[in-house]
Amino acid sequence: MDFSESPRVATVRATVRQFVEKELLPLEPQLARQGFVALLPTLKEKRERARQTGLWAAHLPEKHGGAGLSLTEFAHMSEELGKTPIGHYTFNCQAPDVGNMEILIEHGTPEQKEKFLAPLVRGEARSCFTMTEPEFAGSNPVWMGTTARKDAGDWVIRGHKWFSSGMDGSAFAICMAVTNPDADPHGRASMIIVPTGTPGF
């Protein structure tokens with residue numbers, strides 16, 4: 001595999017490097033003193049500036065509102081963004097939203113894409129991912145106790161999750177739960193969208 005920098009990658013790197021150095025690194029003392037939530041009004045302005053670079057949600061295809069970078073191109077961009085803890089968030093390509101956007105693009109219904117994906121891509125919402133459970137070792141989808149079953153058209157989920165990436169401030173979760181306990185180990189679980197305002201969440 002060729003990891004050399006194409007002219008496009010060199011341009012992306014230069015743009016992102018300059019943005020990080022000028023716009024984001026000076027915010028780190030405030031981030032350290034006051035925390036992420038206190039910085040959100042400023043980050044909202046920075047996100048608008050990031051959008052103007054043309055590299056907003058760069059991991060997504062252009063038809064879905066992204067910049068259409070390939071995985072290796074995005075890796076080069078990520079190397080620059082990773083120089084600050086607020087880099088990926090500012091360009092709307094932070095975990096777990098990156099993966100959740102891709103899941104919704106590939107597997108979401110039209111209604112789910114409109115309700116959950118579109119606000120995520122626009123940067124109007126954040127999401128989280130819930131798989132890990134305190135009763136089992138690590139993030140292993142074949143070792144889960146959380147179950148989901150259909151009840152009058154709704155999914156009823158019972159379980160205990162922790163280390164849910166991106167939970168604080170998220171609008172919805174993609175939750176992994178066992179829906180087919182009799183299937184082979186890698187076919188037991190499903191991913192279910194759960195708005196974080198759902199009773200019992």
# chains A, B, ... in the order shown; residues from 1 in each chain; ligands from 1
call {"tool": "residues_around", "arguments": {"residues": "A:Pro185", "least_positions_apart": "3", "cutoff": "12 Å", "atoms": "only C-alpha atoms", "output": "PyMOL selection string"}}
result
chain A and resi 140-144+178-182+188-190
call {"tool": "closest_atom_pairs", "arguments": {"of": "stretch 5-109 of chain A", "to": "stretch 115-126 of chain A", "cutoff": "10 Å", "atoms": "only C-alpha atoms", "output": "CSV"}}
result
residue,atom,partner,partner_atom,distance
A:Lys44,CA,A:Gly123,CA,9.4
A:Arg47,CA,A:Gly123,CA,8.5
A:Glu48,CA,A:Gly123,CA,9.7
A:Arg51,CA,A:Arg122,CA,9.7
A:Trp56,CA,A:Val121,CA,8.8
A:Ala57,CA,A:Val121,CA,6.9
A:Leu60,CA,A:Val121,CA,8.8
A:His64,CA,A:Val121,CA,7.8
A:Gly65,CA,A:Val121,CA,6.7
A:Gly66,CA,A:Val121,CA,7.9
A:Tyr89,CA,A:Gly123,CA,9.3
A:Thr90,CA,A:Gly123,CA,9.3
A:Phe91,CA,A:Gly123,CA,9.0
A:Asn92,CA,A:Gly123,CA,6.3
A:Cys93,CA,A:Val121,CA,9.1
A:Gln94,CA,A:Arg126,CA,9.6
A:Ala95,CA,A:Arg126,CA,9.9
A:Pro96,CA,A:Arg126,CA,8.9
A:Asp97,CA,A:Arg126,CA,6.7
A:Val98,CA,A:Val121,CA,9.3
A:Asn100,CA,A:Leu117,CA,8.3
A:Met101,CA,A:Leu117,CA,6.1
A:Glu102,CA,A:Leu117,CA,9.1
A:Ile103,CA,A:Leu117,CA,9.4
A:Leu104,CA,A:Leu117,CA,6.3
A:Ile105,CA,A:Leu117,CA,7.5
A:Gly108,CA,A:Leu117,CA,8.4
A:Thr109,CA,A:Lys115,CA,9.8
call {"tool": "select_by_dssp", "arguments": {"residues": "chain A", "states": "alpha helix (DSSP H)", "output": "VMD selection string"}}
result
chain A and resid 7 to 19 28 to 34 36 to 52 71 to 81 87 to 90 97 to 107 110 to 112 118 to 122
call {"tool": "closest_residue", "arguments": {"among": "A:Phe36, A:Phe163, A:Phe74, A:Phe172", "to": "A:Gln112", "atoms": "only C-alpha atoms"}}
result
A:Phe172
call {"tool": "select_by_dssp", "arguments": {"residues": "stretch 11-176 of chain A", "states": "strand (DSSP E or B)", "output": "ChimeraX atom specification"}}
result
/A:127-130,147-151,154-158,165,172-176
call {"tool": "write_last_selection", "arguments": {"atoms": "all heavy atoms", "output": "short mmCIF file (atom, residue, chain, number, x, y, z; two decimals), in the first residue's frame"}}
result
data_model
loop_
_atom_site.label_atom_id
_atom_site.label_comp_id
_atom_site.auth_asym_id
_atom_site.auth_seq_id
_atom_site.Cartn_x
_atom_site.Cartn_y
_atom_site.Cartn_z
N SER A 127 -23.82 11.59 18.93
CA SER A 127 -24.32 10.25 19.23
C SER A 127 -23.35 9.52 20.14
O SER A 127 -22.23 9.97 20.38
CB SER A 127 -24.49 9.47 17.92
OG SER A 127 -23.24 9.25 17.30
N CYS A 128 -23.80 8.37 20.62
CA CYS A 128 -22.89 7.52 21.39
C CYS A 128 -23.07 6.07 20.96
O CYS A 128 -23.98 5.75 20.19
CB CYS A 128 -23.11 7.68 22.90
SG CYS A 128 -24.68 7.09 23.55
N PHE A 129 -22.18 5.22 21.43
CA PHE A 129 -22.20 3.80 21.09
C PHE A 129 -22.11 3.00 22.38
O PHE A 129 -21.21 3.24 23.20
CB PHE A 129 -21.03 3.46 20.17
CG PHE A 129 -21.03 2.03 19.71
CD1 PHE A 129 -21.93 1.60 18.74
CD2 PHE A 129 -20.15 1.11 20.25
CE1 PHE A 129 -21.95 0.28 18.33
CE2 PHE A 129 -20.15 -0.21 19.83
CZ PHE A 129 -21.06 -0.63 18.87
N THR A 130 -23.05 2.09 22.59
CA THR A 130 -23.08 1.32 23.83
C THR A 130 -22.97 -0.17 23.54
O THR A 130 -23.89 -0.77 23.00
CB THR A 130 -24.38 1.61 24.62
OG1 THR A 130 -25.50 1.17 23.86
CG2 THR A 130 -24.53 3.08 24.92
N THR A 147 -30.19 -7.74 26.49
CA THR A 147 -31.11 -8.35 25.53
C THR A 147 -32.11 -7.32 25.01
O THR A 147 -32.37 -6.31 25.66
CB THR A 147 -31.89 -9.51 26.17
OG1 THR A 147 -32.67 -9.00 27.27
CG2 THR A 147 -30.95 -10.61 26.66
N ALA A 148 -32.64 -7.60 23.84
CA ALA A 148 -33.71 -6.77 23.27
C ALA A 148 -34.75 -7.70 22.67
O ALA A 148 -34.43 -8.65 21.98
CB ALA A 148 -33.14 -5.84 22.21
N ARG A 149 -36.02 -7.41 22.96
CA ARG A 149 -37.10 -8.21 22.40
C ARG A 149 -38.23 -7.30 21.96
O ARG A 149 -38.44 -6.22 22.52
CB ARG A 149 -37.60 -9.25 23.40
CG ARG A 149 -38.21 -8.66 24.65
CD ARG A 149 -38.77 -9.74 25.58
NE ARG A 149 -39.31 -9.14 26.79
CZ ARG A 149 -40.51 -8.57 26.89
NH1 ARG A 149 -41.29 -8.50 25.82
NH2 ARG A 149 -40.94 -8.06 28.02
N LYS A 150 -38.94 -7.74 20.94
CA LYS A 150 -40.07 -6.96 20.42
C LYS A 150 -41.27 -7.10 21.35
O LYS A 150 -41.60 -8.20 21.80
CB LYS A 150 -40.45 -7.45 19.03
CG LYS A 150 -39.73 -6.79 17.87
CD LYS A 150 -40.23 -5.36 17.66
CE LYS A 150 -39.60 -4.73 16.43
NZ LYS A 150 -40.19 -5.20 15.19
N ASP A 151 -41.93 -5.97 21.61
CA ASP A 151 -43.13 -5.97 22.43
C ASP A 151 -44.10 -4.95 21.85
O ASP A 151 -43.86 -3.74 21.94
CB ASP A 151 -42.79 -5.63 23.88
CG ASP A 151 -44.00 -5.69 24.79
OD1 ASP A 151 -45.09 -6.09 24.33
OD2 ASP A 151 -43.86 -5.33 25.98
N ASP A 154 -42.49 -2.33 19.60
CA ASP A 154 -41.33 -1.61 20.13
C ASP A 154 -40.28 -2.61 20.61
O ASP A 154 -40.60 -3.75 20.97
CB ASP A 154 -41.74 -0.72 21.32
CG ASP A 154 -42.63 0.42 20.90
OD1 ASP A 154 -42.40 0.99 19.81
OD2 ASP A 154 -43.56 0.76 21.66
N TRP A 155 -39.04 -2.16 20.63
CA TRP A 155 -37.97 -2.98 21.21
C TRP A 155 -37.83 -2.63 22.68
O TRP A 155 -37.72 -1.47 23.05
CB TRP A 155 -36.64 -2.71 20.50
CG TRP A 155 -36.55 -3.36 19.15
CD1 TRP A 155 -36.73 -2.77 17.94
CD2 TRP A 155 -36.27 -4.73 18.89
NE1 TRP A 155 -36.58 -3.69 16.93
CE2 TRP A 155 -36.29 -4.90 17.48
CE3 TRP A 155 -36.00 -5.83 19.69
CZ2 TRP A 155 -36.05 -6.12 16.87
CZ3 TRP A 155 -35.76 -7.06 19.08
CH2 TRP A 155 -35.79 -7.20 17.69
N VAL A 156 -37.85 -3.65 23.52
CA VAL A 156 -37.61 -3.47 24.95
C VAL A 156 -36.21 -4.00 25.24
O VAL A 156 -35.91 -5.17 25.01
CB VAL A 156 -38.65 -4.23 25.80
CG1 VAL A 156 -38.32 -4.10 27.29
CG2 VAL A 156 -40.04 -3.71 25.50
N ILE A 157 -35.34 -3.11 25.71
CA ILE A 157 -33.93 -3.44 25.95
C ILE A 157 -33.70 -3.54 27.45
O ILE A 157 -34.09 -2.64 28.21
CB ILE A 157 -33.00 -2.38 25.34
CG1 ILE A 157 -33.26 -2.27 23.83
CG2 ILE A 157 -31.53 -2.72 25.61
CD1 ILE A 157 -32.52 -1.12 23.16
N ARG A 158 -33.08 -4.62 27.87
CA ARG A 158 -32.73 -4.80 29.28
C ARG A 158 -31.25 -5.12 29.37
O ARG A 158 -30.78 -6.08 28.77
CB ARG A 158 -33.56 -5.92 29.92
CG ARG A 158 -35.05 -5.67 29.92
CD ARG A 158 -35.80 -6.70 30.75
NE ARG A 158 -37.24 -6.52 30.64
CZ ARG A 158 -37.94 -5.60 31.31
NH1 ARG A 158 -37.30 -4.79 32.14
NH2 ARG A 158 -39.25 -5.50 31.16
N SER A 165 -19.06 5.32 24.69
CA SER A 165 -18.30 6.39 24.04
C SER A 165 -19.21 7.51 23.54
O SER A 165 -20.14 7.28 22.78
CB SER A 165 -17.52 5.83 22.84
OG SER A 165 -16.66 4.81 23.26
N PHE A 172 -28.65 10.43 20.69
CA PHE A 172 -29.08 9.04 20.57
C PHE A 172 -27.89 8.12 20.71
O PHE A 172 -26.74 8.51 20.55
CB PHE A 172 -29.80 8.78 19.24
CG PHE A 172 -28.93 8.88 18.01
CD1 PHE A 172 -28.29 7.75 17.50
CD2 PHE A 172 -28.75 10.08 17.37
CE1 PHE A 172 -27.48 7.84 16.38
CE2 PHE A 172 -27.94 10.18 16.24
CZ PHE A 172 -27.32 9.06 15.73
N ALA A 173 -28.21 6.87 21.02
CA ALA A 173 -27.20 5.82 21.12
C ALA A 173 -27.46 4.76 20.07
O ALA A 173 -28.61 4.52 19.68
CB ALA A 173 -27.24 5.17 22.50
N ILE A 174 -26.40 4.15 19.60
CA ILE A 174 -26.54 2.88 18.88
C ILE A 174 -26.12 1.81 19.88
O ILE A 174 -24.97 1.76 20.31
CB ILE A 174 -25.70 2.85 17.60
CG1 ILE A 174 -26.26 3.85 16.59
CG2 ILE A 174 -25.70 1.44 17.01
CD1 ILE A 174 -25.59 3.86 15.24
N CYS A 175 -27.10 1.01 20.28
CA CYS A 175 -26.91 0.03 21.34
C CYS A 175 -26.82 -1.37 20.76
O CYS A 175 -27.66 -1.77 19.95
CB CYS A 175 -28.09 0.12 22.31
SG CYS A 175 -28.11 -1.17 23.57
N MET A 176 -25.81 -2.11 21.20
CA MET A 176 -25.70 -3.52 20.82
C MET A 176 -26.38 -4.37 21.89
O MET A 176 -26.10 -4.23 23.09
CB MET A 176 -24.25 -3.94 20.65
CG MET A 176 -23.62 -3.41 19.38
SD MET A 176 -22.15 -4.32 18.88
CE MET A 176 -22.87 -5.86 18.30
#
call {"tool": "residues_around", "arguments": {"residues": "A:Gln18", "least_positions_apart": "6", "cutoff": "12 Å", "atoms": "only C-alpha atoms", "output": "PyMOL selection string"}}
result
chain A and resi 11-12+24-25+50+53+77+80-81+83+87
call {"tool": "write_last_selection", "arguments": {"atoms": "N, CA and C atoms", "output": "PDB file, in the first residue's frame"}}
result
ATOM      1  N   THR A  11      -2.186  19.297   0.550  1.00  0.00           N
ATOM      2  CA  THR A  11      -3.034  20.481   0.716  1.00  0.00           C
ATOM      3  C   THR A  11      -3.932  20.331   1.942  1.00  0.00           C
ATOM      4  N   VAL A  12      -4.513  19.143   2.093  1.00  0.00           N
ATOM      5  CA  VAL A  12      -5.364  18.890   3.257  1.00  0.00           C
ATOM      6  C   VAL A  12      -4.565  19.044   4.538  1.00  0.00           C
ATOM      7  N   LEU A  24      -7.205  26.267  17.273  1.00  0.00           N
ATOM      8  CA  LEU A  24      -7.539  25.312  18.331  1.00  0.00           C
ATOM      9  C   LEU A  24      -6.525  25.224  19.464  1.00  0.00           C
ATOM     10  N   LEU A  25      -5.253  25.168  19.140  1.00  0.00           N
ATOM     11  CA  LEU A  25      -4.261  25.038  20.218  1.00  0.00           C
ATOM     12  C   LEU A  25      -4.350  26.169  21.243  1.00  0.00           C
ATOM     13  N   ALA A  50     -14.385  25.672  10.464  1.00  0.00           N
ATOM     14  CA  ALA A  50     -13.910  24.386   9.924  1.00  0.00           C
ATOM     15  C   ALA A  50     -14.747  23.978   8.721  1.00  0.00           C
ATOM     16  N   THR A  53     -13.602  25.341   5.412  1.00  0.00           N
ATOM     17  CA  THR A  53     -12.390  24.799   4.785  1.00  0.00           C
ATOM     18  C   THR A  53     -12.717  23.757   3.711  1.00  0.00           C
ATOM     19  N   MET A  77      -5.165  13.405   7.498  1.00  0.00           N
ATOM     20  CA  MET A  77      -5.863  14.523   8.133  1.00  0.00           C
ATOM     21  C   MET A  77      -5.980  14.307   9.639  1.00  0.00           C
ATOM     22  N   GLU A  80      -3.069  15.275  11.855  1.00  0.00           N
ATOM     23  CA  GLU A  80      -3.016  16.690  12.211  1.00  0.00           C
ATOM     24  C   GLU A  80      -4.062  17.025  13.273  1.00  0.00           C
ATOM     25  N   LEU A  81      -5.277  16.512  13.097  1.00  0.00           N
ATOM     26  CA  LEU A  81      -6.351  16.802  14.050  1.00  0.00           C
ATOM     27  C   LEU A  81      -6.043  16.233  15.433  1.00  0.00           C
ATOM     28  N   LYS A  83      -3.517  16.328  17.113  1.00  0.00           N
ATOM     29  CA  LYS A  83      -2.584  17.120  17.924  1.00  0.00           C
ATOM     30  C   LYS A  83      -3.297  17.897  19.030  1.00  0.00           C
ATOM     31  N   GLY A  87      -9.681  18.555  18.056  1.00  0.00           N
ATOM     32  CA  GLY A  87      -9.506  18.622  16.607  1.00  0.00           C
ATOM     33  C   GLY A  87     -10.579  17.895  15.831  1.00  0.00           C
TER      34      GLY A  87
END
call {"tool": "atom_distance", "arguments": {"atom1": "atom CA of A:Ala137", "atom2": "atom CA of A:Ser164"}}
result
14.6 Å
call {"tool": "closest_residue", "arguments": {"among": "A:Ile192, A:Ala171, A:Ile86, A:Ala177", "to": "A:Glu21", "atoms": "only C-alpha atoms"}}
result
A:Ile86
call {"tool": "closest_residue", "arguments": {"among": "A:Glu73, A:Phe201, A:Asp184, A:Thr132", "to": "A:Pro7", "atoms": "only C-alpha atoms"}}
result
A:Glu73
